[in-house]
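What follows is structure.pdb (PDB, C-alpha atoms).
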```pdb
MODEL        1
ATOM      1  CA  MET A   1      22.795 -17.003 -11.537
ATOM      2  CA  ASP A   2      25.128 -15.529  -8.894
ATOM      3  CA  PHE A   3      23.973 -14.992  -5.310
ATOM      4  CA  LEU A   4      25.230 -11.853  -3.536
ATOM      5  CA  ARG A   5      24.959 -11.777   0.278
ATOM      6  CA  PRO A   6      25.911  -8.388   1.756
ATOM      7  CA  ALA A   7      26.227  -8.231   5.549
ATOM      8  CA  SER A   8      25.384  -4.522   5.894
ATOM      9  CA  TRP A   9      23.367  -1.806   4.200
ATOM     10  CA  GLU A  10      26.543  -0.182   2.894
ATOM     11  CA  GLU A  11      27.649  -3.485   1.357
ATOM     12  CA  ALA A  12      24.224  -3.906  -0.233
ATOM     13  CA  LEU A  13      24.386  -0.456  -1.846
ATOM     14  CA  ALA A  14      27.916  -1.141  -3.081
ATOM     15  CA  ALA A  15      26.807  -4.453  -4.592
ATOM     16  CA  LYS A  16      23.820  -2.814  -6.284
ATOM     17  CA  ALA A  17      26.084  -0.080  -7.684
ATOM     18  CA  GLU A  18      28.478  -2.686  -9.070
ATOM     19  CA  HIS A  19      25.670  -4.902 -10.421
ATOM     20  CA  PRO A  20      22.711  -2.604 -11.303
ATOM     21  CA  THR A  21      20.732  -5.509 -12.803
ATOM     22  CA  ALA A  22      20.880  -7.493  -9.535
ATOM     23  CA  VAL A  23      17.385  -8.356  -8.279
ATOM     24  CA  PRO A  24      16.908  -7.766  -4.533
ATOM     25  CA  ILE A  25      15.391 -10.615  -2.568
ATOM     26  CA  ALA A  26      14.268 -10.585   1.060
ATOM     27  CA  GLY A  27      11.026 -12.481   1.692
ATOM     28  CA  GLY A  28      11.190 -13.830  -1.853
ATOM     29  CA  THR A  29       7.422 -14.284  -2.048
ATOM     30  CA  ASP A  30       7.247 -12.549  -5.451
ATOM     31  CA  VAL A  31      10.718 -13.091  -6.884
ATOM     32  CA  MET A  32      10.891 -16.842  -6.259
ATOM     33  CA  VAL A  33       7.557 -17.442  -7.967
ATOM     34  CA  GLU A  34       8.818 -15.715 -11.112
ATOM     35  CA  ILE A  35      12.092 -17.648 -11.008
ATOM     36  CA  ASN A  36      10.417 -20.988 -10.346
ATOM     37  CA  PHE A  37       8.088 -20.498 -13.315
ATOM     38  CA  ASP A  38      11.032 -19.319 -15.446
ATOM     39  CA  HIS A  39       9.420 -15.915 -15.987
ATOM     40  CA  ARG A  40      12.631 -14.266 -14.834
ATOM     41  CA  ARG A  41      16.249 -15.414 -14.878
ATOM     42  CA  PRO A  42      18.382 -12.599 -13.392
ATOM     43  CA  GLU A  43      22.154 -12.687 -13.633
ATOM     44  CA  TYR A  44      22.437 -11.768  -9.944
ATOM     45  CA  LEU A  45      20.229 -12.127  -6.882
ATOM     46  CA  LEU A  46      20.941  -9.651  -4.074
ATOM     47  CA  ASP A  47      20.027 -11.280  -0.750
ATOM     48  CA  LEU A  48      19.046  -8.657   1.854
ATOM     49  CA  ASN A  49      18.174 -11.036   4.680
ATOM     50  CA  ARG A  50      21.299 -10.311   6.717
ATOM     51  CA  ILE A  51      20.566  -6.571   6.981
ATOM     52  CA  GLY A  52      18.883  -6.219  10.349
ATOM     53  CA  ASP A  53      17.638  -2.639  10.162
ATOM     54  CA  LEU A  54      15.368  -3.539   7.236
ATOM     55  CA  TYR A  55      13.334  -5.549   9.776
ATOM     56  CA  GLU A  56      12.925  -2.675  12.256
ATOM     57  CA  TRP A  57      10.341   0.068  12.632
ATOM     58  CA  GLU A  58      10.240   3.364  14.489
ATOM     59  CA  VAL A  59       7.085   5.067  15.761
ATOM     60  CA  GLY A  60       7.610   8.823  15.933
ATOM     61  CA  GLU A  61       5.308  11.574  17.057
ATOM     62  CA  ASP A  62       3.606  11.878  13.663
ATOM     63  CA  THR A  63       5.183   9.240  11.433
ATOM     64  CA  VAL A  64       6.008   5.539  11.347
ATOM     65  CA  ARG A  65       9.238   4.581   9.620
ATOM     66  CA  LEU A  66       8.681   0.997   8.483
ATOM     67  CA  GLY A  67      11.690  -1.041   7.383
ATOM     68  CA  ALA A  68      11.304  -2.542   3.919
ATOM     69  CA  SER A  69      11.458  -6.129   5.210
ATOM     70  CA  VAL A  70       9.225  -5.835   8.291
ATOM     71  CA  PRO A  71       6.927  -8.876   7.873
ATOM     72  CA  TYR A  72       3.208  -8.351   7.429
ATOM     73  CA  THR A  73       2.647 -10.356  10.626
ATOM     74  CA  LYS A  74       4.592  -7.754  12.616
ATOM     75  CA  ILE A  75       2.522  -4.939  11.088
ATOM     76  CA  MET A  76      -0.662  -6.728  12.118
ATOM     77  CA  GLU A  77       0.578  -7.390  15.638
ATOM     78  CA  ASN A  78       2.336  -4.117  16.436
ATOM     79  CA  LEU A  79       1.074  -1.283  14.238
ATOM     80  CA  ARG A  80      -2.682  -1.747  14.095
ATOM     81  CA  ALA A  81      -3.364   1.551  15.909
ATOM     82  CA  GLU A  82      -0.832   3.629  13.982
ATOM     83  CA  LEU A  83      -1.384   2.099  10.514
ATOM     84  CA  PRO A  84      -4.886   0.560  10.556
ATOM     85  CA  GLY A  85      -5.341   0.484   6.778
ATOM     86  CA  LEU A  86      -2.029  -1.258   6.188
ATOM     87  CA  ALA A  87      -2.715  -3.677   9.045
ATOM     88  CA  LEU A  88      -6.036  -4.642   7.433
ATOM     89  CA  ALA A  89      -4.323  -5.091   4.081
ATOM     90  CA  SER A  90      -1.672  -7.270   5.731
ATOM     91  CA  HIS A  91      -4.407  -9.620   6.969
ATOM     92  CA  THR A  92      -5.370 -10.375   3.351
ATOM     93  CA  VAL A  93      -1.871 -11.320   2.189
ATOM     94  CA  ALA A  94      -1.694 -14.979   1.141
ATOM     95  CA  SER A  95      -1.042 -17.411   4.032
ATOM     96  CA  PRO A  96       0.502 -17.169   7.530
ATOM     97  CA  GLN A  97       3.784 -18.507   6.139
ATOM     98  CA  ILE A  98       3.976 -15.774   3.505
ATOM     99  CA  ARG A  99       2.857 -13.079   5.962
ATOM    100  CA  ASN A 100       5.770 -14.146   8.173
ATOM    101  CA  ARG A 101       8.243 -13.631   5.311
ATOM    102  CA  GLY A 102       6.887 -10.964   2.987
ATOM    103  CA  GLY A 103       7.117  -7.217   3.576
ATOM    104  CA  VAL A 104       6.005  -3.938   2.055
ATOM    105  CA  GLY A 105       9.373  -3.403   0.372
ATOM    106  CA  GLY A 106       8.800  -6.453  -1.802
ATOM    107  CA  ASN A 107       5.372  -5.203  -2.888
ATOM    108  CA  LEU A 108       6.884  -1.857  -3.811
ATOM    109  CA  GLY A 109       9.859  -3.358  -5.613
ATOM    110  CA  THR A 110       7.666  -5.651  -7.700
ATOM    111  CA  ALA A 111       5.155  -2.819  -8.270
ATOM    112  CA  SER A 112       2.441  -5.218  -9.391
ATOM    113  CA  PRO A 113      -0.926  -3.441  -9.627
ATOM    114  CA  ALA A 114      -2.336  -6.336  -7.592
ATOM    115  CA  GLY A 115       0.050  -5.883  -4.638
ATOM    116  CA  ASP A 116      -2.014  -5.877  -1.447
ATOM    117  CA  ALA A 117      -0.146  -3.051   0.308
ATOM    118  CA  HIS A 118      -0.476  -0.447  -2.456
ATOM    119  CA  PRO A 119      -4.058   0.817  -1.857
ATOM    120  CA  ALA A 120      -3.368   1.325   1.852
ATOM    121  CA  LEU A 121      -0.096   3.156   1.158
ATOM    122  CA  LEU A 122      -1.787   5.433  -1.391
ATOM    123  CA  ALA A 123      -4.671   6.213   0.973
ATOM    124  CA  ALA A 124      -2.280   6.973   3.834
ATOM    125  CA  GLY A 125      -0.023   9.182   1.694
ATOM    126  CA  ALA A 126       3.221   7.271   2.250
ATOM    127  CA  GLU A 127       6.743   8.131   1.124
ATOM    128  CA  VAL A 128       9.262   5.537  -0.057
ATOM    129  CA  GLU A 129      12.784   5.928   1.327
ATOM    130  CA  VAL A 130      15.354   4.767  -1.213
ATOM    131  CA  ALA A 131      19.138   5.040  -1.347
ATOM    132  CA  SER A 132      22.127   4.573  -3.617
ATOM    133  CA  ALA A 133      25.854   4.490  -2.887
ATOM    134  CA  ALA A 134      26.489   7.453  -5.191
ATOM    135  CA  ARG A 135      23.614   9.829  -4.367
ATOM    136  CA  GLY A 136      22.571   8.916  -0.840
ATOM    137  CA  THR A 137      18.971   8.844   0.387
ATOM    138  CA  ARG A 138      15.861  10.359  -1.173
ATOM    139  CA  LEU A 139      12.129  10.184  -0.481
ATOM    140  CA  ILE A 140       9.682   9.368  -3.281
ATOM    141  CA  PRO A 141       6.018  10.314  -2.677
ATOM    142  CA  ILE A 142       3.860   7.250  -3.158
ATOM    143  CA  ASP A 143       1.866   9.037  -5.894
ATOM    144  CA  GLU A 144       5.060   9.278  -7.971
ATOM    145  CA  PHE A 145       6.411   5.817  -7.254
ATOM    146  CA  TYR A 146       4.414   3.693  -9.729
ATOM    147  CA  THR A 147       5.449   4.446 -13.306
ATOM    148  CA  GLY A 148       3.937   1.551 -15.293
ATOM    149  CA  VAL A 149       2.955  -2.093 -15.183
ATOM    150  CA  LYS A 150       5.420  -3.602 -12.687
ATOM    151  CA  ARG A 151       7.640  -0.536 -13.029
ATOM    152  CA  ASN A 152       8.632   1.969 -10.386
ATOM    153  CA  ALA A 153      10.658   5.143  -9.955
ATOM    154  CA  LEU A 154      13.794   3.442  -8.620
ATOM    155  CA  GLN A 155      17.080   4.132 -10.395
ATOM    156  CA  PRO A 156      19.118   1.028 -11.343
ATOM    157  CA  ASP A 157      21.544   1.484  -8.425
ATOM    158  CA  GLU A 158      18.878   2.222  -5.777
ATOM    159  CA  LEU A 159      17.368  -0.003  -3.089
ATOM    160  CA  ILE A 160      14.259   0.498  -0.963
ATOM    161  CA  ARG A 161      15.206   0.964   2.674
ATOM    162  CA  ALA A 162      11.945   1.933   4.369
ATOM    163  CA  VAL A 163       8.501   3.442   3.987
ATOM    164  CA  ARG A 164       7.500   6.541   5.925
ATOM    165  CA  ILE A 165       3.799   6.714   6.705
ATOM    166  CA  GLN A 166       1.824   9.342   8.604
ATOM    167  CA  LYS A 167       0.220   7.893  11.719
ATOM    168  CA  ALA A 168      -3.533   7.612  11.270
ATOM    169  CA  ASP A 169      -5.433  10.640  12.582
ATOM    170  CA  GLY A 170      -8.771   9.133  11.572
ATOM    171  CA  PRO A 171     -10.407   5.842  10.578
ATOM    172  CA  GLN A 172      -9.004   3.797   7.694
ATOM    173  CA  GLN A 173     -10.423   0.807   5.841
ATOM    174  CA  TYR A 174      -9.316  -1.764   3.284
ATOM    175  CA  SER A 175     -11.338  -4.147   1.159
ATOM    176  CA  LYS A 176     -10.288  -6.823  -1.309
ATOM    177  CA  VAL A 177     -12.159  -9.028  -3.767
ATOM    178  CA  GLY A 178     -10.669 -12.430  -4.526
ATOM    179  CA  THR A 179     -11.778 -15.693  -6.045
ATOM    180  CA  ARG A 180     -11.488 -17.310  -2.607
ATOM    181  CA  ASN A 181     -10.774 -16.230   0.982
ATOM    182  CA  ALA A 182      -7.027 -16.931   1.176
ATOM    183  CA  MET A 183      -3.923 -17.495  -0.960
ATOM    184  CA  VAL A 184      -5.352 -15.380  -3.750
ATOM    185  CA  ILE A 185      -4.245 -12.486  -5.937
ATOM    186  CA  ALA A 186      -6.688  -9.593  -5.746
ATOM    187  CA  VAL A 187      -9.327  -9.300  -8.436
ATOM    188  CA  CYS A 188      -9.444  -5.710  -7.194
ATOM    189  CA  ALA A 189      -8.838  -3.900  -3.909
ATOM    190  CA  PHE A 190      -9.706  -0.560  -2.349
ATOM    191  CA  GLY A 191      -8.268   1.493   0.500
ATOM    192  CA  LEU A 192      -9.778   4.559   2.139
ATOM    193  CA  ALA A 193      -8.388   6.883   4.806
ATOM    194  CA  LEU A 194     -10.085   9.803   6.538
ATOM    195  CA  HIS A 195      -7.742  12.605   7.555
ATOM    196  CA  PRO A 196      -9.769  14.814   9.921
ATOM    197  CA  ARG A 197      -6.754  16.990  10.742
ATOM    198  CA  THR A 198      -6.682  18.271   7.153
ATOM    199  CA  ARG A 199     -10.384  17.528   6.470
ATOM    200  CA  THR A 200      -9.484  15.357   3.496
ATOM    201  CA  VAL A 201     -10.121  11.848   2.246
ATOM    202  CA  ARG A 202      -7.626   9.739   0.274
ATOM    203  CA  THR A 203      -8.210   6.564  -1.686
ATOM    204  CA  GLY A 204      -6.167   3.736  -3.184
ATOM    205  CA  ILE A 205      -7.228   1.260  -5.875
ATOM    206  CA  GLY A 206      -5.430  -1.974  -6.666
ATOM    207  CA  SER A 207      -5.670  -4.432  -9.567
ATOM    208  CA  ALA A 208      -8.026  -2.241 -11.572
ATOM    209  CA  ALA A 209      -5.555  -0.217 -13.678
ATOM    210  CA  PRO A 210      -2.042  -0.668 -15.097
ATOM    211  CA  THR A 211      -0.684   0.725 -11.811
ATOM    212  CA  PRO A 212      -2.120   1.235  -8.338
ATOM    213  CA  VAL A 213      -4.038   4.516  -8.507
ATOM    214  CA  ARG A 214      -6.000   7.026  -6.485
ATOM    215  CA  ALA A 215      -9.529   8.094  -7.394
ATOM    216  CA  LYS A 216      -8.644  11.778  -7.325
ATOM    217  CA  ALA A 217     -11.897  13.085  -8.825
ATOM    218  CA  ALA A 218     -13.823  11.080  -6.230
ATOM    219  CA  GLU A 219     -11.649  12.490  -3.461
ATOM    220  CA  GLU A 220     -12.163  16.056  -4.658
ATOM    221  CA  PHE A 221     -15.927  15.554  -4.873
ATOM    222  CA  LEU A 222     -16.150  14.026  -1.395
ATOM    223  CA  ASN A 223     -13.854  16.613   0.182
ATOM    224  CA  ALA A 224     -16.067  19.382  -1.191
ATOM    225  CA  ALA A 225     -19.296  17.634  -0.179
ATOM    226  CA  LEU A 226     -18.111  17.017   3.384
ATOM    227  CA  GLU A 227     -16.962  20.621   3.750
ATOM    228  CA  GLU A 228     -20.031  22.228   2.202
ATOM    229  CA  GLY A 229     -22.384  20.063   4.263
ATOM    230  CA  GLY A 230     -20.482  20.694   7.487
ATOM    231  CA  PHE A 231     -20.136  16.945   7.995
ATOM    232  CA  TRP A 232     -16.742  17.140   9.724
ATOM    233  CA  ASP A 233     -18.283  19.376  12.396
ATOM    234  CA  ASN A 234     -21.822  18.041  12.742
ATOM    235  CA  GLY A 235     -20.955  14.344  12.382
ATOM    236  CA  LYS A 236     -24.134  13.617  10.446
ATOM    237  CA  ILE A 237     -24.615  10.494   8.362
ATOM    238  CA  ILE A 238     -23.360  10.930   4.797
ATOM    239  CA  THR A 239     -26.347  11.104   2.472
ATOM    240  CA  PRO A 240     -26.903   8.193   0.053
ATOM    241  CA  SER A 241     -26.599  10.502  -2.956
ATOM    242  CA  VAL A 242     -23.137  11.645  -1.857
ATOM    243  CA  ALA A 243     -22.037   8.054  -1.203
ATOM    244  CA  LYS A 244     -23.338   6.937  -4.605
ATOM    245  CA  GLN A 245     -21.600   9.754  -6.477
ATOM    246  CA  PHE A 246     -18.359   8.981  -4.647
ATOM    247  CA  ALA A 247     -18.672   5.290  -5.574
ATOM    248  CA  ASP A 248     -19.415   6.106  -9.230
ATOM    249  CA  LEU A 249     -16.370   8.362  -9.452
ATOM    250  CA  CYS A 250     -14.184   5.657  -7.904
ATOM    251  CA  SER A 251     -15.420   3.209 -10.553
ATOM    252  CA  ALA A 252     -14.644   5.765 -13.256
ATOM    253  CA  ALA A 253     -11.057   6.063 -11.995
ATOM    254  CA  CYS A 254     -10.406   2.433 -12.963
ATOM    255  CA  ASN A 255      -8.826   1.310 -16.213
ATOM    256  CA  PRO A 256      -8.995  -2.479 -15.809
ATOM    257  CA  ILE A 257      -8.496  -5.444 -18.108
ATOM    258  CA  ASP A 258     -10.271  -8.736 -18.645
ATOM    259  CA  ASP A 259      -8.239 -11.684 -17.359
ATOM    260  CA  VAL A 260      -8.698 -15.086 -15.764
ATOM    261  CA  ARG A 261      -9.545 -13.528 -12.380
ATOM    262  CA  GLY A 262     -12.292 -11.174 -13.538
ATOM    263  CA  THR A 263     -13.673  -8.966 -16.280
ATOM    264  CA  ALA A 264     -13.055  -5.261 -16.601
ATOM    265  CA  SER A 265     -16.729  -4.471 -16.056
ATOM    266  CA  TYR A 266     -16.831  -6.574 -12.905
ATOM    267  CA  ARG A 267     -13.750  -4.824 -11.532
ATOM    268  CA  ARG A 268     -15.294  -1.386 -12.095
ATOM    269  CA  HIS A 269     -18.502  -2.501 -10.396
ATOM    270  CA  ALA A 270     -16.688  -4.104  -7.466
ATOM    271  CA  VAL A 271     -14.525  -1.019  -6.860
ATOM    272  CA  GLY A 272     -17.674   1.090  -6.674
ATOM    273  CA  VAL A 273     -19.248  -1.291  -4.157
ATOM    274  CA  MET A 274     -16.088  -1.338  -2.033
ATOM    275  CA  ALA A 275     -15.833   2.460  -2.184
ATOM    276  CA  ARG A 276     -19.370   2.915  -0.910
ATOM    277  CA  ARG A 277     -18.962   0.314   1.831
ATOM    278  CA  THR A 278     -15.590   1.518   3.085
ATOM    279  CA  LEU A 279     -16.870   5.106   3.132
ATOM    280  CA  THR A 280     -19.821   3.977   5.253
ATOM    281  CA  TRP A 281     -17.576   2.021   7.637
ATOM    282  CA  THR A 282     -14.984   4.756   8.076
ATOM    283  CA  TRP A 283     -17.552   7.512   8.512
ATOM    284  CA  GLU A 284     -19.437   5.512  11.148
ATOM    285  CA  SER A 285     -16.142   5.057  12.994
ATOM    286  CA  TYR A 286     -15.495   8.793  12.766
ATOM    287  CA  ARG A 287     -18.989   9.599  14.074
ATOM    288  CA  GLY A 288     -18.552   7.123  16.925
ATOM    289  CA  ALA A 289     -15.242   8.686  17.922
ATOM    290  CA  ARG A 290     -16.808  12.176  17.887
ATOM    291  CA  ARG A 291     -19.697  11.047  20.109
ATOM    292  CA  ALA A 292     -17.272   9.449  22.535
ATOM    293  CA  THR A 293     -15.190  12.626  22.682
ATOM    294  CA  GLU A 294     -18.242  14.837  23.198
ATOM    295  CA  GLY A 295     -19.544  12.483  25.901
ATOM    296  CA  ALA A 296     -16.239  12.550  27.753
ATOM    297  CA  ALA A 297     -16.227  16.348  27.620
TER     298      ALA A 297
ENDMDL
END
```

For this file, write the structure as structure tokens.
Amino acid sequence: MDFLRPASWEEALAAKAEHPTAVPIAGGTDVMVEINFDHRRPEYLLDLNRIGDLYEWEVGEDTVRLGASVPYTKIMENLRAELPGLALASHTVASPQIRNRGGVGGNLGTASPAGDAHPALLAAGAEVEVASAARGTRLIPIDEFYTGVKRNALQPDELIRAVRIQKADGPQQYSKVGTRNAMVIAVCAFGLALHPRTRTVRTGIGSAAPTPVRAKAAEEFLNAALEEGGFWDNGKIITPSVAKQFADLCSAACNPIDDVRGTASYRRHAVGVMARRTLTWTWESYRGARRATEGAA
């Protein structure tokens, strides 16, 4: 196994073009596990740790551009207001040591359905910024990024440079079920984001289908129910029947398997419970913010 150590982004793209099978490694929290257990033996490892701009982020007027290697700890400490769903997801990642090393780019590159960042990225409507030496930079909508079990839309000569995420314009939540409280792969996970500016709701489901997925039928139902009931304007409590239907549709969006962490039926049930709870939490936050705004006026 050869170890490639580019000193710049341009060198990294050139190395990836020359060795398309090279496996990128930054935090190494996924790749090293596979290598140590002999599940993967790549011909080349492409070390990205010397590329400083992968560890930087930019907060714009509407968007956060998050470098692929920004550690989860930095997201928790610095971007809680702008990216609340992703910050909550970052809290659930493994241990402090791994949160100090791992980043969103690794989750995306591995594309495991159990990756903790995926539900939050789906709910927020992120875009993945990728580049190649031959074709330059392109943006992949997060809905098009996951193509199969541990497969993504990257071309062989492309690397993930950053993720572009709309700054939260409403409450976001994240929930995860695991067999213990820390150092655990998700049995299933759920992310929810309210987008009052567009009067829409987006979801993200992890570890309950071959890829991370959105519950699109549930979103469409809830968007219609909130609009027809005038909930965005009147700030009333969402009725139990609406919350239950939303939860049932989220469960129906799952296509899970039985494995050592949980059964398919349990995963469907748990996703429904998390959907109902996160909807309750986010809507209460939205109602509280509206009351505060009306009181200040």

Surrounding residues of Gly125 (chain A) excluding itself and chain neighbours under 6 positions, 10 Å, all atoms listed in the file, as a PDB file with C-alpha atoms, keeping the file's coordinate frame:
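out12.pdb was written with the following content:
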```pdb
ATOM      1  CA  PRO A 119      -4.058   0.817  -1.857  1.00  0.00           C
ATOM      2  CA  PRO A 141       6.018  10.314  -2.677  1.00  0.00           C
ATOM      3  CA  ILE A 142       3.860   7.250  -3.158  1.00  0.00           C
ATOM      4  CA  ASP A 143       1.866   9.037  -5.894  1.00  0.00           C
ATOM      5  CA  ARG A 164       7.500   6.541   5.925  1.00  0.00           C
ATOM      6  CA  ILE A 165       3.799   6.714   6.705  1.00  0.00           C
ATOM      7  CA  GLN A 166       1.824   9.342   8.604  1.00  0.00           C
ATOM      8  CA  ALA A 193      -8.388   6.883   4.806  1.00  0.00           C
ATOM      9  CA  ARG A 202      -7.626   9.739   0.274  1.00  0.00           C
ATOM     10  CA  THR A 203      -8.210   6.564  -1.686  1.00  0.00           C
ATOM     11  CA  GLY A 204      -6.167   3.736  -3.184  1.00  0.00           C
TER      12      GLY A 204
END
```

Quiz item: Exactly which residues make up the result of the PyMOL selection byres ((chain A and resi 84-92) around 8) on this file, given as number ranges by chain?
Solution: A: 72-73, 75-76, 79-83, 93-94, 99, 116-117, 120-121, 124, 168, 171-176, 182, 191-193

File of the preceding selection, C-alpha atoms, as a short mmCIF file (atom, residue, chain, number, x, y, z; two decimals), keeping the file's coordinate frame:
```cif
data_model
loop_
_atom_site.label_atom_id
_atom_site.label_comp_id
_atom_site.auth_asym_id
_atom_site.auth_seq_id
_atom_site.Cartn_x
_atom_site.Cartn_y
_atom_site.Cartn_z
CA TYR A 72 3.21 -8.35 7.43
CA THR A 73 2.65 -10.36 10.63
CA ILE A 75 2.52 -4.94 11.09
CA MET A 76 -0.66 -6.73 12.12
CA LEU A 79 1.07 -1.28 14.24
CA ARG A 80 -2.68 -1.75 14.10
CA ALA A 81 -3.36 1.55 15.91
CA GLU A 82 -0.83 3.63 13.98
CA LEU A 83 -1.38 2.10 10.51
CA VAL A 93 -1.87 -11.32 2.19
CA ALA A 94 -1.69 -14.98 1.14
CA ARG A 99 2.86 -13.08 5.96
CA ASP A 116 -2.01 -5.88 -1.45
CA ALA A 117 -0.15 -3.05 0.31
CA ALA A 120 -3.37 1.32 1.85
CA LEU A 121 -0.10 3.16 1.16
CA ALA A 124 -2.28 6.97 3.83
CA ALA A 168 -3.53 7.61 11.27
CA PRO A 171 -10.41 5.84 10.58
CA GLN A 172 -9.00 3.80 7.69
CA GLN A 173 -10.42 0.81 5.84
CA TYR A 174 -9.32 -1.76 3.28
CA SER A 175 -11.34 -4.15 1.16
CA LYS A 176 -10.29 -6.82 -1.31
CA ALA A 182 -7.03 -16.93 1.18
CA GLY A 191 -8.27 1.49 0.50
CA LEU A 192 -9.78 4.56 2.14
CA ALA A 193 -8.39 6.88 4.81
#
```

Quiz item: Which residues fall under the PyMOL selection byres ((chain A and resi 14) around 12) in this file, as a ChimeraX atom specification?
Solution: /A:4-13,15-20,22,46,131-136,157-159

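Taking CA of Pro42 (chain A) as the reference point, CA of Asp2 (chain A) is found at 8.6 Å.
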
Residues of region 163-273 of chain A that have any atom at most 12 Å from an atom of region 105-112 of chain A: could you tabulate them with the shortest-distance atom pair and the distance in Å to one decimal, using all atoms listed in the file, ordered by chain and increasing number, as JSON lines?
```
{"residue": "A:Val163", "atom": "CA", "partner": "A:Gly105", "partner_atom": "CA", "distance": 7.8}
{"residue": "A:Arg164", "atom": "CA", "partner": "A:Gly105", "partner_atom": "CA", "distance": 11.5}
{"residue": "A:Ile185", "atom": "CA", "partner": "A:Ser112", "partner_atom": "CA", "distance": 10.5}
{"residue": "A:Ala186", "atom": "CA", "partner": "A:Ser112", "partner_atom": "CA", "distance": 10.8}
{"residue": "A:Gly206", "atom": "CA", "partner": "A:Ser112", "partner_atom": "CA", "distance": 8.9}
{"residue": "A:Ser207", "atom": "CA", "partner": "A:Ser112", "partner_atom": "CA", "distance": 8.2}
{"residue": "A:Ala208", "atom": "CA", "partner": "A:Ser112", "partner_atom": "CA", "distance": 11.1}
{"residue": "A:Ala209", "atom": "CA", "partner": "A:Ser112", "partner_atom": "CA", "distance": 10.4}
{"residue": "A:Pro210", "atom": "CA", "partner": "A:Ser112", "partner_atom": "CA", "distance": 8.6}
{"residue": "A:Thr211", "atom": "CA", "partner": "A:Ser112", "partner_atom": "CA", "distance": 7.1}
{"residue": "A:Pro212", "atom": "CA", "partner": "A:Ser112", "partner_atom": "CA", "distance": 8.0}
{"residue": "A:Val213", "atom": "CA", "partner": "A:Ser112", "partner_atom": "CA", "distance": 11.7}
```

Residues just named, written with C-alpha atoms as a PDB file, keeping the file's coordinate frame:
```pdb
ATOM      1  CA  VAL A 163       8.501   3.442   3.987  1.00  0.00           C
ATOM      2  CA  ARG A 164       7.500   6.541   5.925  1.00  0.00           C
ATOM      3  CA  ILE A 185      -4.245 -12.486  -5.937  1.00  0.00           C
ATOM      4  CA  ALA A 186      -6.688  -9.593  -5.746  1.00  0.00           C
ATOM      5  CA  GLY A 206      -5.430  -1.974  -6.666  1.00  0.00           C
ATOM      6  CA  SER A 207      -5.670  -4.432  -9.567  1.00  0.00           C
ATOM      7  CA  ALA A 208      -8.026  -2.241 -11.572  1.00  0.00           C
ATOM      8  CA  ALA A 209      -5.555  -0.217 -13.678  1.00  0.00           C
ATOM      9  CA  PRO A 210      -2.042  -0.668 -15.097  1.00  0.00           C
ATOM     10  CA  THR A 211      -0.684   0.725 -11.811  1.00  0.00           C
ATOM     11  CA  PRO A 212      -2.120   1.235  -8.338  1.00  0.00           C
ATOM     12  CA  VAL A 213      -4.038   4.516  -8.507  1.00  0.00           C
TER      13      VAL A 213
END
```

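Computed from the coordinates, the CA of Asp248 (chain A) to CA of Arg267 (chain A) distance equals 12.5 Å.
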
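With all atoms listed in the file taken into account, the protein and nucleic acid residues at most 12 Å from Val242 (chain A) (excluding it and anything under 3 positions from it in its own chain) are A:Ala218, A:Glu219, A:Phe221, A:Leu222, A:Asn223, A:Ala224, A:Ala225, A:Leu226, A:Glu228, A:Gly229, A:Phe231, A:Ile237, A:Ile238, A:Thr239, A:Gln245, A:Phe246, A:Ala247, A:Asp248, A:Leu249, A:Ala275, A:Arg276, A:Leu279, A:Thr280.
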
Quiz item: What is the distance, in Å and to one decimal place, between CA of Gly67 (chain A) and CA of Leu122 (chain A)?
Solution: 17.3 Å

Centre and edges of the region 158-175 of chain A box, axis-aligned, 6 Å extra per side, as lines of an AutoDock Vina configuration file:
```
center_x = 3.8
center_y = 3.2
center_z = 3.4
size_x = 42.2
size_y = 26.8
size_z = 30.4
```

Quiz item: Restricting the calculation to all atoms listed in the file, which member of A:Asp258, A:Asp30, A:Glu227, A:Glu144 is positioned closest to Gly115 (chain A)?
Solution: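 Under the stated criterion, the closest residue is A:Asp30.
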
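If you measure from each of A:Thr198, A:Gln155, A:Ser251, A:Thr293 to Thr137 (chain A) using all atoms listed in the file, the closest one turns out to be A:Gln155.
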
Quiz item: Which is closest to His195 (chain A) among A:Asn78, A:Thr282, A:Ser95, A:Thr21, if we use all atoms listed in the file?
Solution: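 Between A:Asn78, A:Thr282, A:Ser95, A:Thr21, the residue approaching His195 (chain A) most closely is A:Thr282.
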
Quiz prompt | Nearest-residue call for Glu127 (chain A), choices A:Leu45, A:Val64, A:Val273, A:Val70, using all atoms listed in the file | solution =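 Of A:Leu45, A:Val64, A:Val273, A:Val70, the one nearest Glu127 (chain A) is A:Val64, counting all atoms listed in the file.
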
Self-check item: Using only C-alpha atoms: which of A:Gly178, A:Pro196, A:Gly295, A:Gly235 has the shortest distance to Gly262 (chain A)
Solution: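 Of all the options, A:Gly178 lies closest to Gly262 (chain A).
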
Quiz prompt | Closest of A:Asn152, A:Asn255, A:Asn100, A:Ser69 to Asn49 (chain A) - atom-to-atom distances counting only C-alpha atoms | solution =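 That would be A:Ser69, the residue with the smallest distance to Asn49 (chain A).
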